[in-house]
file my_file21.csv (CSV, C-alpha atoms and all ligand atoms)
chain,number,residue,atom,x,y,z
B,1,LYS,CA,101.0,106.8,99.6
B,2,GLY,CA,102.5,109.4,97.3
B,3,LYS,CA,101.2,112.9,97.6
B,4,SER,CA,98.3,113.5,95.3
B,5,ASN,CA,99.5,115.6,92.3
B,6,GLY,CA,96.1,116.2,90.8
B,7,PHE,CA,96.5,113.5,88.2
B,8,SER,CA,94.5,111.0,90.1
B,9,SER,CA,93.4,107.9,88.3
B,10,LYS,CA,89.7,108.8,88.4
B,11,SER,CA,90.1,112.0,86.4
B,12,ASN,CA,92.3,110.3,83.8
B,13,GLN,CA,90.7,107.0,83.3
B,14,MET,CA,88.7,106.4,80.1
B,15,SER,CA,85.2,105.2,80.7
B,16,LYS,CA,84.9,101.5,80.2
B,17,PRO,CA,82.6,100.2,77.5
B,18,SER,CA,79.3,99.0,78.9
B,19,GLY,CA,76.6,96.7,77.8
B,20,LEU,CA,78.9,94.1,76.3
B,21,THR,CA,77.7,90.5,76.2
B,22,LYS,CA,80.1,87.8,77.2
B,23,PRO,CA,80.9,85.4,74.4
B,24,THR,CA,80.4,81.7,75.2
B,25,GLY,CA,82.6,78.8,74.5
B,26,VAL,CA,85.9,80.5,75.2
B,27,SER,CA,87.8,77.2,75.5
B,28,LYS,CA,91.1,77.9,73.9
B,29,PHE,CA,92.5,80.5,76.2
B,30,LYS,CA,92.9,80.6,79.9
B,31,PRO,CA,91.6,84.0,81.2
B,32,PRO,CA,94.2,86.6,80.5
B,33,PHE,CA,93.7,88.3,83.8
B,34,LYS,CA,95.8,86.7,86.5
B,35,THR,CA,94.2,88.3,89.5
B,36,SER,CA,90.9,89.6,88.2
B,37,GLU,CA,88.3,90.3,90.8
B,38,SER,CA,86.2,93.0,89.2
B,39,GLU,CA,87.2,92.6,85.6
B,40,PRO,CA,85.4,90.3,83.2
B,41,THR,CA,87.6,87.4,82.1
B,42,ALA,CA,86.7,87.0,78.5
B,43,GLU,CA,86.4,90.7,77.5
B,44,THR,CA,89.3,93.0,77.1
B,45,LYS,CA,89.2,96.5,78.4
B,46,ASN,CA,88.6,97.9,74.9
B,47,GLY,CA,85.6,95.7,74.6
B,48,LYS,CA,86.9,93.0,72.3
B,49,SER,CA,86.5,89.4,73.4
B,50,GLU,CA,89.3,86.9,73.0
B,51,ILE,CA,87.3,85.3,70.3
B,52,ASP,CA,87.3,88.6,68.4
B,53,ILE,CA,91.1,88.7,68.9
B,54,VAL,CA,91.7,85.2,67.6
B,55,ALA,CA,89.6,86.0,64.6
B,56,ASP,CA,91.3,89.3,64.0
B,57,GLU,CA,92.8,89.3,60.6
B,58,ARG,CA,95.9,91.0,62.0
B,59,LEU,CA,96.7,87.6,63.6
B,60,LYS,CA,96.6,85.7,60.4
B,61,GLY,CA,99.7,83.6,60.0
B,62,ILE,CA,100.6,83.9,63.6
B,63,ASP,CA,101.0,80.6,65.5
B,64,PRO,CA,98.0,80.2,67.8
B,65,ALA,CA,100.3,78.7,70.5
B,66,MET,CA,102.3,81.9,70.5
B,67,VAL,CA,99.2,84.0,70.9
B,68,GLU,CA,98.1,81.8,73.8
B,69,ALA,CA,101.6,82.1,75.4
B,70,ILE,CA,101.4,85.9,75.1
B,71,MET,CA,97.9,86.0,76.6
B,72,ASN,CA,99.0,83.9,79.5
B,73,GLU,CA,102.5,85.1,80.2
B,74,ILE,CA,103.0,88.5,78.8
B,75,VAL,CA,99.7,90.2,79.1
B,76,ASP,CA,99.7,91.6,82.7
B,77,GLY,CA,96.3,91.5,84.3
B,78,GLY,CA,97.5,92.4,87.8
B,79,LYS,CA,96.3,95.2,89.9
B,80,ASP,CA,95.7,98.6,88.4
B,81,VAL,CA,98.3,101.3,89.2
B,82,SER,CA,97.4,104.9,89.8
B,83,TRP,CA,99.8,107.9,90.0
B,84,ASP,CA,99.1,108.0,93.7
B,85,ASP,CA,100.7,104.6,94.1
B,86,ILE,CA,104.0,106.0,92.8
B,87,ALA,CA,106.0,108.1,95.2
B,88,GLY,CA,107.7,111.2,94.0
B,89,LEU,CA,108.8,111.5,90.3
B,90,GLU,CA,106.6,114.6,89.8
B,91,HIS,CA,108.5,115.7,86.7
B,92,ALA,CA,108.1,112.3,85.0
B,93,LYS,CA,104.4,112.1,85.9
B,94,GLN,CA,103.8,115.5,84.4
B,95,VAL,CA,105.7,114.9,81.2
B,96,ILE,CA,104.0,111.5,80.8
B,97,THR,CA,100.5,112.9,81.4
B,98,GLU,CA,100.8,115.6,78.9
B,99,SER,CA,102.7,113.8,76.2
B,100,ILE,CA,101.5,110.3,76.5
B,101,ILE,CA,98.2,109.9,78.5
B,102,TRP,CA,96.3,112.8,77.0
B,103,PRO,CA,97.1,111.9,73.4
B,104,MET,CA,96.1,108.3,74.1
B,105,GLN,CA,92.8,109.4,75.7
B,106,ARG,CA,92.1,112.1,73.0
B,107,PRO,CA,93.7,111.1,69.7
B,108,ASP,CA,91.2,113.5,68.0
B,109,ILE,CA,92.9,116.5,69.7
B,110,PHE,CA,96.4,115.2,69.8
B,111,CYS,CA,97.0,114.5,66.2
B,112,GLY,CA,99.7,115.7,63.8
B,113,ILE,CA,102.5,117.5,65.6
B,114,ARG,CA,100.7,116.9,68.9
B,115,SER,CA,100.6,113.2,68.4
B,116,ALA,CA,102.0,110.9,71.1
B,117,PRO,CA,105.4,109.4,70.6
B,118,LYS,CA,105.4,105.7,69.7
B,119,GLY,CA,108.4,105.1,71.9
B,120,LEU,CA,109.2,106.1,75.4
B,121,LEU,CA,112.5,105.3,77.1
B,122,LEU,CA,112.6,105.2,80.9
B,123,PHE,CA,116.2,105.1,82.2
B,124,GLY,CA,117.7,105.2,85.7
B,125,PRO,CA,118.8,103.0,88.6
B,126,PRO,CA,117.0,99.7,89.2
B,127,GLY,CA,114.1,99.7,91.6
B,128,THR,CA,113.0,103.3,91.1
B,129,GLY,CA,109.5,102.6,89.7
B,130,LYS,CA,110.0,102.3,85.9
B,131,THR,CA,107.8,99.2,85.7
B,132,LEU,CA,105.2,100.8,88.0
B,133,ILE,CA,105.1,103.8,85.6
B,134,GLY,CA,104.6,101.5,82.6
B,135,LYS,CA,101.7,99.8,84.3
B,136,CYS,CA,100.3,103.1,85.4
B,137,ILE,CA,100.4,104.5,81.8
B,138,ALA,CA,98.4,101.4,80.6
B,139,THR,CA,95.9,101.8,83.5
B,140,GLN,CA,95.4,105.5,83.0
B,141,SER,CA,94.9,105.2,79.2
B,142,GLY,CA,92.7,102.1,79.4
B,143,ALA,CA,95.3,100.1,77.4
B,144,LYS,CA,96.3,96.5,77.6
B,145,PHE,CA,99.7,96.0,79.3
B,146,PHE,CA,102.2,93.7,77.8
B,147,SER,CA,105.3,93.2,79.9
B,148,ILE,CA,108.4,91.3,78.9
B,149,SER,CA,112.1,91.4,79.6
B,150,SER,CA,114.5,91.6,76.6
B,151,SER,CA,116.7,89.0,78.1
B,152,SER,CA,113.9,86.4,78.2
B,153,LEU,CA,113.5,86.7,74.4
B,154,THR,CA,116.9,85.0,74.1
B,155,SER,CA,116.8,82.8,77.1
B,156,LYS,CA,113.2,81.7,78.0
B,157,TRP,CA,111.9,81.9,74.5
B,158,VAL,CA,115.1,80.5,73.0
B,159,GLY,CA,114.8,79.7,69.3
B,160,ASP,CA,111.4,81.4,69.2
B,161,GLY,CA,112.4,84.9,70.0
B,162,GLU,CA,111.9,86.3,66.5
B,163,LYS,CA,108.5,84.6,66.1
B,164,LEU,CA,107.5,85.8,69.5
B,165,VAL,CA,108.3,89.4,68.7
B,166,ARG,CA,106.2,89.3,65.6
B,167,ALA,CA,103.3,87.7,67.5
B,168,LEU,CA,103.6,90.1,70.4
B,169,PHE,CA,103.2,93.2,68.1
B,170,ALA,CA,100.4,91.4,66.2
B,171,VAL,CA,98.4,90.7,69.4
B,172,ALA,CA,99.1,94.2,70.7
B,173,ARG,CA,97.7,95.6,67.5
B,174,ALA,CA,94.6,93.4,67.7
B,175,MET,CA,94.0,94.4,71.3
B,176,GLN,CA,94.9,98.1,71.0
B,177,PRO,CA,95.2,100.5,72.7
B,178,SER,CA,98.2,98.6,74.0
B,179,VAL,CA,101.3,99.4,76.0
B,180,ILE,CA,104.3,97.1,75.4
B,181,PHE,CA,106.8,97.4,78.3
B,182,MET,CA,110.2,96.0,77.4
B,183,ASP,CA,112.5,95.7,80.4
B,184,GLU,CA,116.3,95.6,79.9
B,185,ILE,CA,115.9,97.1,76.5
B,186,ASP,CA,119.7,97.6,76.4
B,187,SER,CA,120.3,93.9,76.0
B,188,LEU,CA,118.2,93.9,72.8
B,189,LEU,CA,119.3,97.2,71.3
B,190,THR,CA,122.9,97.2,72.4
B,191,GLN,CA,125.9,98.9,70.8
B,192,ARG,CA,128.1,95.9,71.4
B,193,THR,CA,127.8,93.8,68.3
B,194,ASP,CA,130.8,91.5,68.8
B,195,GLY,CA,129.7,88.3,70.3
B,196,GLU,CA,126.2,88.9,69.2
B,197,ASN,CA,125.0,85.6,67.8
B,198,GLU,CA,122.8,85.1,64.7
B,199,ALA,CA,119.6,84.5,66.7
B,200,SER,CA,120.0,87.7,68.7
B,201,ARG,CA,120.6,89.7,65.5
B,202,ARG,CA,117.5,88.3,64.0
B,203,ILE,CA,115.4,89.1,67.0
B,204,LYS,CA,116.8,92.6,67.0
B,205,THR,CA,116.0,93.1,63.3
B,206,GLU,CA,112.4,91.8,63.7
B,207,PHE,CA,111.9,94.1,66.7
B,208,LEU,CA,113.1,97.2,64.8
B,209,VAL,CA,110.8,96.3,61.9
B,210,GLN,CA,107.8,95.9,64.2
B,211,PHE,CA,108.7,99.0,66.1
B,212,ASP,CA,108.9,101.0,62.9
B,213,GLY,CA,105.6,99.5,61.8
B,214,CYS,CA,103.9,101.0,64.8
B,215,GLY,CA,105.1,104.4,63.7
B,216,THR,CA,103.9,104.2,60.1
B,217,ASN,CA,100.2,103.6,60.8
B,218,ALA,CA,99.0,106.8,62.6
B,219,ASP,CA,95.8,105.1,63.8
B,220,ASP,CA,97.7,102.3,65.7
B,221,MET,CA,97.5,103.0,69.4
B,222,ILE,CA,100.5,101.1,70.5
B,223,LEU,CA,103.1,102.6,72.8
B,224,LEU,CA,106.4,100.9,73.3
B,225,ILE,CA,108.1,101.6,76.6
B,226,GLY,CA,111.7,100.6,76.9
B,227,ALA,CA,113.3,100.5,80.4
B,228,THR,CA,117.0,100.3,81.1
B,229,ASN,CA,119.5,100.7,83.9
B,230,ARG,CA,122.3,101.0,81.3
B,231,PRO,CA,121.2,103.7,78.8
B,232,GLN,CA,124.7,104.4,77.7
B,233,GLU,CA,124.8,100.9,76.2
B,234,LEU,CA,121.9,101.6,73.8
B,235,ASP,CA,122.8,101.9,70.1
B,236,ASP,CA,121.8,104.8,67.7
B,237,ALA,CA,118.9,102.8,66.4
B,238,ALA,CA,117.3,102.9,69.8
B,239,GLY,CA,118.3,106.5,70.4
B,240,ARG,CA,116.4,107.6,67.3
B,241,ARG,CA,113.3,105.5,67.9
B,242,PHE,CA,112.6,106.5,71.5
B,243,ARG,CA,111.4,110.1,70.9
B,244,LYS,CA,111.0,110.7,74.7
B,245,LYS,CA,113.7,109.7,77.1
B,246,LEU,CA,112.9,110.2,80.7
B,247,TYR,CA,115.2,109.9,83.7
B,248,ILE,CA,113.6,108.1,86.6
B,249,PRO,CA,115.9,109.1,89.5
B,250,LEU,CA,116.3,107.8,93.0
B,251,PRO,CA,113.6,109.0,95.4
B,252,GLU,CA,114.3,112.4,97.1
B,253,TYR,CA,113.6,112.9,100.8
B,254,GLU,CA,109.9,113.6,100.5
B,255,ALA,CA,109.4,110.6,98.2
B,256,ARG,CA,111.3,108.3,100.6
B,257,ARG,CA,109.1,109.7,103.4
B,258,SER,CA,105.9,108.7,101.4
B,259,LEU,CA,107.4,105.3,100.7
B,260,LEU,CA,108.3,104.7,104.4
B,261,ILE,CA,105.1,106.0,105.8
B,262,HIS,CA,103.1,104.0,103.3
B,263,LYS,CA,105.0,100.8,104.2
B,264,ILE,CA,104.8,101.2,108.0
B,265,SER,CA,101.2,102.3,108.1
B,266,LYS,CA,100.1,98.7,107.8
B,267,GLN,CA,102.5,97.6,110.7
B,268,ASN,CA,102.4,98.0,114.4
B,269,HIS,CA,105.1,100.6,115.1
B,270,CYS,CA,106.1,103.2,117.6
B,271,LEU,CA,108.2,105.5,115.4
B,272,THR,CA,108.0,109.2,116.3
B,273,GLU,CA,108.4,112.0,113.7
B,274,ASN,CA,112.0,112.4,114.9
B,275,ASP,CA,112.7,108.7,114.4
B,276,ILE,CA,111.2,108.9,110.8
B,277,GLY,CA,113.4,112.0,110.1
B,278,HIS,CA,116.5,110.1,111.4
B,279,ILE,CA,115.7,107.1,109.1
B,280,LEU,CA,115.2,109.4,106.1
B,281,GLU,CA,118.5,111.1,106.7
B,282,LYS,CA,120.2,107.7,106.8
B,283,THR,CA,118.6,106.5,103.6
B,284,ASN,CA,119.8,109.1,101.2
B,285,GLY,CA,120.7,107.2,98.0
B,286,TYR,CA,118.3,104.3,98.6
B,287,SER,CA,116.0,103.3,95.7
B,288,GLY,CA,112.3,102.5,96.1
B,289,SER,CA,113.1,98.8,96.3
B,290,ASP,CA,115.9,99.4,98.7
B,291,MET,CA,113.4,101.2,101.0
B,292,ASP,CA,111.1,98.2,100.6
B,293,GLY,CA,113.9,95.8,101.6
B,294,LEU,CA,114.8,98.0,104.6
B,295,VAL,CA,111.3,98.0,106.0
B,296,ARG,CA,111.0,94.2,105.4
B,297,GLU,CA,114.3,93.7,107.3
B,298,ALA,CA,113.3,96.0,110.1
B,299,ALA,CA,110.0,94.2,110.4
B,300,LEU,CA,111.8,91.1,111.5
B,301,GLY,CA,113.5,93.0,114.4
B,302,PRO,CA,110.6,92.8,116.9
B,303,ILE,CA,110.3,89.0,116.3
B,304,ARG,CA,114.1,88.5,116.8
B,305,ARG,CA,113.9,90.6,120.0
B,306,LEU,CA,111.3,88.2,121.4
B,307,LYS,CA,113.8,85.3,121.2
B,308,GLY,CA,110.9,83.0,121.9
B,309,ASP,CA,109.6,79.8,120.2
B,310,ILE,CA,108.0,81.1,117.1
B,311,LEU,CA,105.3,78.4,117.3
B,312,ARG,CA,104.2,79.5,120.8
B,313,ILE,CA,104.3,83.3,120.7
B,314,SER,CA,100.9,85.0,120.2
B,315,VAL,CA,100.4,87.9,117.8
B,316,GLU,CA,99.8,90.3,120.7
B,317,ASP,CA,103.2,89.6,122.1
B,318,VAL,CA,105.1,90.9,119.1
B,319,PRO,CA,106.3,94.4,120.1
B,320,PRO,CA,105.9,97.3,117.8
B,321,MET,CA,108.7,98.2,115.2
B,322,ALA,CA,111.0,100.7,116.8
B,323,LEU,CA,113.9,102.9,115.7
B,324,GLN,CA,116.4,100.2,117.0
B,325,ASP,CA,114.9,97.8,114.4
B,326,PHE,CA,115.6,100.3,111.6
B,327,SER,CA,119.1,101.0,113.0
B,328,ALA,CA,119.9,97.3,112.8
B,329,ALA,CA,118.3,97.0,109.3
B,330,LEU,CA,120.3,99.9,108.0
B,331,THR,CA,123.5,97.9,108.7
B,332,GLN,CA,122.1,95.0,106.6
B,333,VAL,CA,120.3,96.7,103.7
B,334,ARG,CA,122.5,99.3,101.9
B,335,ALA,CA,121.9,101.5,99.0
B,336,SER,CA,122.2,99.4,95.9
B,337,VAL,CA,123.2,102.2,93.5
B,338,THR,CA,126.7,103.6,93.4
B,339,GLU,CA,127.7,107.3,93.0
B,340,ARG,CA,129.5,106.3,89.8
B,341,ASP,CA,126.3,104.9,88.3
B,342,LEU,CA,124.4,108.0,89.3
B,343,ASP,CA,127.0,110.1,87.5
B,344,LEU,CA,126.4,108.1,84.3
B,345,TYR,CA,122.7,108.6,84.4
B,346,LEU,CA,123.1,112.3,84.9
B,347,LYS,CA,125.4,112.6,82.0
B,348,PHE,CA,123.0,110.6,79.7
B,349,ASP,CA,120.1,112.8,81.0
B,350,GLY,CA,122.0,116.0,80.2
B,351,LYS,CA,122.8,114.8,76.7
B,352,PHE,CA,119.6,113.0,75.7
B,353,GLY,CA,116.9,113.4,78.4
B,354,SER,CA,113.6,115.0,77.7
B,355,ALA,CA,113.2,118.1,79.8
B,356,GLY,CA,109.5,118.5,79.1
Q,401,LIG,P1,112.2,99.3,88.2
Q,401,LIG,O1,111.3,98.9,87.0
Q,401,LIG,O2,112.6,100.8,88.1
Q,401,LIG,O3,113.4,98.4,88.3
Q,401,LIG,P2,110.0,98.7,89.8
Q,401,LIG,O4,109.0,99.7,89.2
Q,401,LIG,O5,109.9,97.3,89.4
Q,401,LIG,O6,111.5,99.2,89.5
Q,401,LIG,O7,109.9,98.9,91.4
Q,401,LIG,C1,110.3,97.8,92.3
Q,401,LIG,C2,109.5,97.9,93.6
Q,401,LIG,O8,110.1,99.0,94.3
Q,401,LIG,C3,108.1,98.3,93.3
Q,401,LIG,O9,107.3,97.1,93.3
Q,401,LIG,C4,107.7,99.1,94.6
Q,401,LIG,O10,107.4,98.3,95.7
Q,401,LIG,C5,109.0,99.8,94.9
Q,401,LIG,N1,109.1,101.2,94.3
Q,401,LIG,C6,110.2,101.6,93.6
Q,401,LIG,N2,110.0,102.9,93.2
Q,401,LIG,C7,108.8,103.3,93.7
Q,401,LIG,C8,108.1,104.5,93.7
Q,401,LIG,N3,108.5,105.6,93.1
Q,401,LIG,N4,106.9,104.6,94.3
Q,401,LIG,C9,106.4,103.4,94.9
Q,401,LIG,N5,107.0,102.3,95.0
Q,401,LIG,C10,108.2,102.2,94.4

call {"tool": "encode", "arguments": {"input": "my_file21.csv", "output": "structure tokens", "more": "lines below"}}
Ligand code: ADP
result
Amino acid sequence: KGKSNGFSSKSNQMSKPSGLTKPTGVSKFKPPFKTSESEPTAETKNGKSEIDIVADERLKGIDPAMVEAIMNEIVDGGKDVSWDDIAGLEHAKQVITESIIWPMQRPDIFCGIRSAPKGLLLFGPPGTGKTLIGKCIATQSGAKFFSISSSSLTSKWVGDGEKLVRALFAVARAMQPSVIFMDEIDSLLTQRTDGENEASRRIKTEFLVQFDGCGTNADDMILLIGATNRPQELDDAAGRRFRKKLYIPLPEYEARRSLLIHKISKQNHCLTENDIGHILEKTNGYSGSDMDGLVREAALGPIRRLKGDILRISVEDVPPMALQDFSAALTQVRASVTERDLDLYLKFDGKFGSAG
């Protein structure tokens, strides 16, 4: 687990509405929560039922099939994420808490020049926690989390991308407060216009219209988070609209330590402090997801060492994970980000990044 930074989920979470009655006869929709255990299925966090949402006049003219697809595939009802689940990134956590979470929690105080930006760009290497941060912002501010990748607008939703964008913003408005997380935003708001086909151009135009619409109504509580590994490919339209641009860098030594300890804490291992220090020295340049891959690979080591019939060995026979397993894994799982990429991120951060 990451070190507690004082921004724990408990102190930041909005209280959930109580005393709501569950509507009956919700037949049209499958429950929007994929893995709900404690959450009610037919009520949203902001207290509206799905029936309220369907009836919401902001959804007039929107294809109900689209609304249903959004509820089932784009609304993310997975596990809540707290700041403590995210290792390192102290600077980003602080900037986001002050400029995004507090205004979403207390719009009465954070109005006018203190109002939250409607767009936040998270840029940096892949696998560094950008999606986790998006989910965490939604959790902390009691907002619905919509998660979609830009490339799926043109591939998976082929032909319907433009309609989907319109429906997505309409549903987000009906269910607000909402956080829309758009991954690979560079593929939507790209500088490269040659080769851009008509459909992509229309999706982009619709997206910009909707994005601007969020900014014109001060009462709308919709935050658009764009994530990208290629910030230098974004066009000027994107640059202007994302008021905050935050660099999400590779994990430093201490963050890698948190990640490693968190991962191995659930495993049988015999790593000493010295061993852990050795692994951390060797993983300079690894992303969070590289660290994840490394531990997974190392976890296979003890089983390979057994060389027995997998069907016959008992759980107690599996030896603890040892340094040798990590040494072997380090030859298999390498840092996925190159020095050249890091240079590009630093340059972009120096030019456009939000210092605070
Ligand atoms: P990104 O959106 O930047 O590509 P993700 O947020 O999807 O990366 O992270 C991918 C996975 O890597 C996560 O599910 C998590 O297991 C791990 N991870 C990456 N960065 C962190 C971090 N800072 N703290 C905790 N886990 C992380």

call {"tool": "closest_atom_pairs", "arguments": {"input": "my_file21.csv", "of": "chain B", "to": "ligand LIG 401 (chain Q)", "cutoff": "9 Å", "atoms": "only C-alpha atoms and all ligand atoms", "output": "tab-separated table"}}
result
residue	atom	partner	partner_atom	distance
B:Lys1	CA	Q:LIG401	C9	7.9
B:Gly2	CA	Q:LIG401	N4	7.2
B:Trp83	CA	Q:LIG401	N4	8.9
B:Asp84	CA	Q:LIG401	N4	8.5
B:Asp85	CA	Q:LIG401	C9	5.9
B:Ile86	CA	Q:LIG401	N4	3.6
B:Ala87	CA	Q:LIG401	N4	3.7
B:Gly88	CA	Q:LIG401	N3	5.7
B:Leu89	CA	Q:LIG401	N3	6.5
B:Leu122	CA	Q:LIG401	O2	8.4
B:Phe123	CA	Q:LIG401	O2	8.1
B:Gly124	CA	Q:LIG401	O2	7.2
B:Pro125	CA	Q:LIG401	O2	6.6
B:Pro126	CA	Q:LIG401	O3	3.9
B:Gly127	CA	Q:LIG401	O6	3.4
B:Thr128	CA	Q:LIG401	N2	3.7
B:Gly129	CA	Q:LIG401	O4	3.0
B:Lys130	CA	Q:LIG401	O2	3.7
B:Thr131	CA	Q:LIG401	O4	3.7
B:Leu132	CA	Q:LIG401	O4	4.1
B:Ile133	CA	Q:LIG401	O4	6.7
B:Gly134	CA	Q:LIG401	O4	8.1
B:Lys135	CA	Q:LIG401	O4	8.8
B:Asp183	CA	Q:LIG401	O1	7.4
B:Ala227	CA	Q:LIG401	O1	7.1
B:Thr228	CA	Q:LIG401	O3	8.3
B:Asn229	CA	Q:LIG401	O3	7.9
B:Ile248	CA	Q:LIG401	O2	7.5
B:Pro249	CA	Q:LIG401	N3	8.9
B:Leu250	CA	Q:LIG401	N2	8.0
B:Pro251	CA	Q:LIG401	N3	6.5
B:Ala255	CA	Q:LIG401	N3	7.2
B:Arg256	CA	Q:LIG401	N3	8.4
B:Ser258	CA	Q:LIG401	N4	8.3
B:Leu259	CA	Q:LIG401	C9	6.2
B:Ser287	CA	Q:LIG401	C6	6.4
B:Gly288	CA	Q:LIG401	C6	3.4
B:Ser289	CA	Q:LIG401	O8	3.6
B:Asp290	CA	Q:LIG401	O8	7.3
B:Met291	CA	Q:LIG401	C5	7.7
B:Asp292	CA	Q:LIG401	O10	6.1
B:Gly293	CA	Q:LIG401	O8	8.8

call {"tool": "closest_residue", "arguments": {"input": "my_file21.csv", "among": "B:Val315, B:Ile96, B:Leu121, B:Leu330", "to": "Asp349 of chain B", "atoms": "all atoms listed in the file"}}
result
B:Leu121

call {"tool": "closest_residue", "arguments": {"input": "my_file21.csv", "among": "B:Leu189, B:Ala322, B:Ile279, B:Ile203", "to": "Arg241 of chain B", "atoms": "all atoms listed in the file"}}
result
B:Leu189

call {"tool": "closest_residue", "arguments": {"input": "my_file21.csv", "among": "B:Arg173, B:Thr216, B:Ser150, B:Arg166", "to": "Ser200 of chain B", "atoms": "only C-alpha atoms"}}
result
B:Ser150

call {"tool": "closest_residue", "arguments": {"input": "my_file21.csv", "among": "B:Glu73, B:Glu198, B:Asp275, B:Glu297", "to": "Phe145 of chain B", "atoms": "all atoms listed in the file"}}
result
B:Glu73

call {"tool": "atom_distance", "arguments": {"input": "my_file21.csv", "atom1": "atom CA of Pro302 of chain B", "atom2": "atom CA of Pro320 of chain B"}}
result
6.6 Å

call {"tool": "residues_near_point", "arguments": {"input": "my_file21.csv", "point": "(103.8, 99.5, 113.0)", "cutoff": "10 Å", "atoms": "only C-alpha atoms", "output": "list in words"}}
result
Ile261, Lys263, Ile264, Ser265, Lys266, Gln267, Asn268, His269, Cys270, Leu271, Ala299, Pro319, Pro320, Met321 and Ala322 of chain B

call {"tool": "write_last_selection", "arguments": {"input": "my_file21.csv", "atoms": "C-alpha atoms", "output": "mmCIF file, keeping the file's coordinate frame"}}
result
data_model
loop_
_atom_site.group_PDB
_atom_site.id
_atom_site.type_symbol
_atom_site.label_atom_id
_atom_site.label_comp_id
_atom_site.auth_asym_id
_atom_site.auth_seq_id
_atom_site.Cartn_x
_atom_site.Cartn_y
_atom_site.Cartn_z
ATOM 1 C CA ILE B 261 105.100 106.000 105.800
ATOM 2 C CA LYS B 263 105.000 100.800 104.200
ATOM 3 C CA ILE B 264 104.800 101.200 108.000
ATOM 4 C CA SER B 265 101.200 102.300 108.100
ATOM 5 C CA LYS B 266 100.100 98.700 107.800
ATOM 6 C CA GLN B 267 102.500 97.600 110.700
ATOM 7 C CA ASN B 268 102.400 98.000 114.400
ATOM 8 C CA HIS B 269 105.100 100.600 115.100
ATOM 9 C CA CYS B 270 106.100 103.200 117.600
ATOM 10 C CA LEU B 271 108.200 105.500 115.400
ATOM 11 C CA ALA B 299 110.000 94.200 110.400
ATOM 12 C CA PRO B 319 106.300 94.400 120.100
ATOM 13 C CA PRO B 320 105.900 97.300 117.800
ATOM 14 C CA MET B 321 108.700 98.200 115.200
ATOM 15 C CA ALA B 322 111.000 100.700 116.800
#

call {"tool": "residues_around", "arguments": {"input": "my_file21.csv", "residues": "Val171 of chain B", "least_positions_apart": "4", "cutoff": "9 Å", "atoms": "all atoms listed in the file", "output": "PyMOL selection string"}}
result
chain B and resi 53-54+58-59+67+70-71+166-167+175-176

call {"tool": "atom_distance", "arguments": {"input": "my_file21.csv", "atom1": "atom CA of Phe326 of chain B", "atom2": "atom CA of Ile303 of chain B"}}
result
13.3 Å

call {"tool": "closest_residue", "arguments": {"input": "my_file21.csv", "among": "B:Leu300, B:Leu234, B:Val337, B:Ala116", "to": "Asp186 of chain B", "atoms": "all atoms listed in the file"}}
result
B:Leu234

call {"tool": "closest_residue", "arguments": {"input": "my_file21.csv", "among": "B:Asp212, B:Ile100, B:Asp108, B:Met221", "to": "Lys144 of chain B", "atoms": "all atoms listed in the file"}}
result
B:Met221

call {"tool": "residues_around", "arguments": {"input": "my_file21.csv", "residues": "Phe352 of chain B", "least_positions_apart": "4", "cutoff": "10 Å", "atoms": "all atoms listed in the file", "output": "PyMOL selection string"}}
result
chain B and resi 231+239+243-247+346-348

call {"tool": "atom_distance", "arguments": {"input": "my_file21.csv", "atom1": "atom CA of Val95 of chain B", "atom2": "atom CA of Ala138 of chain B"}}
result
15.4 Å
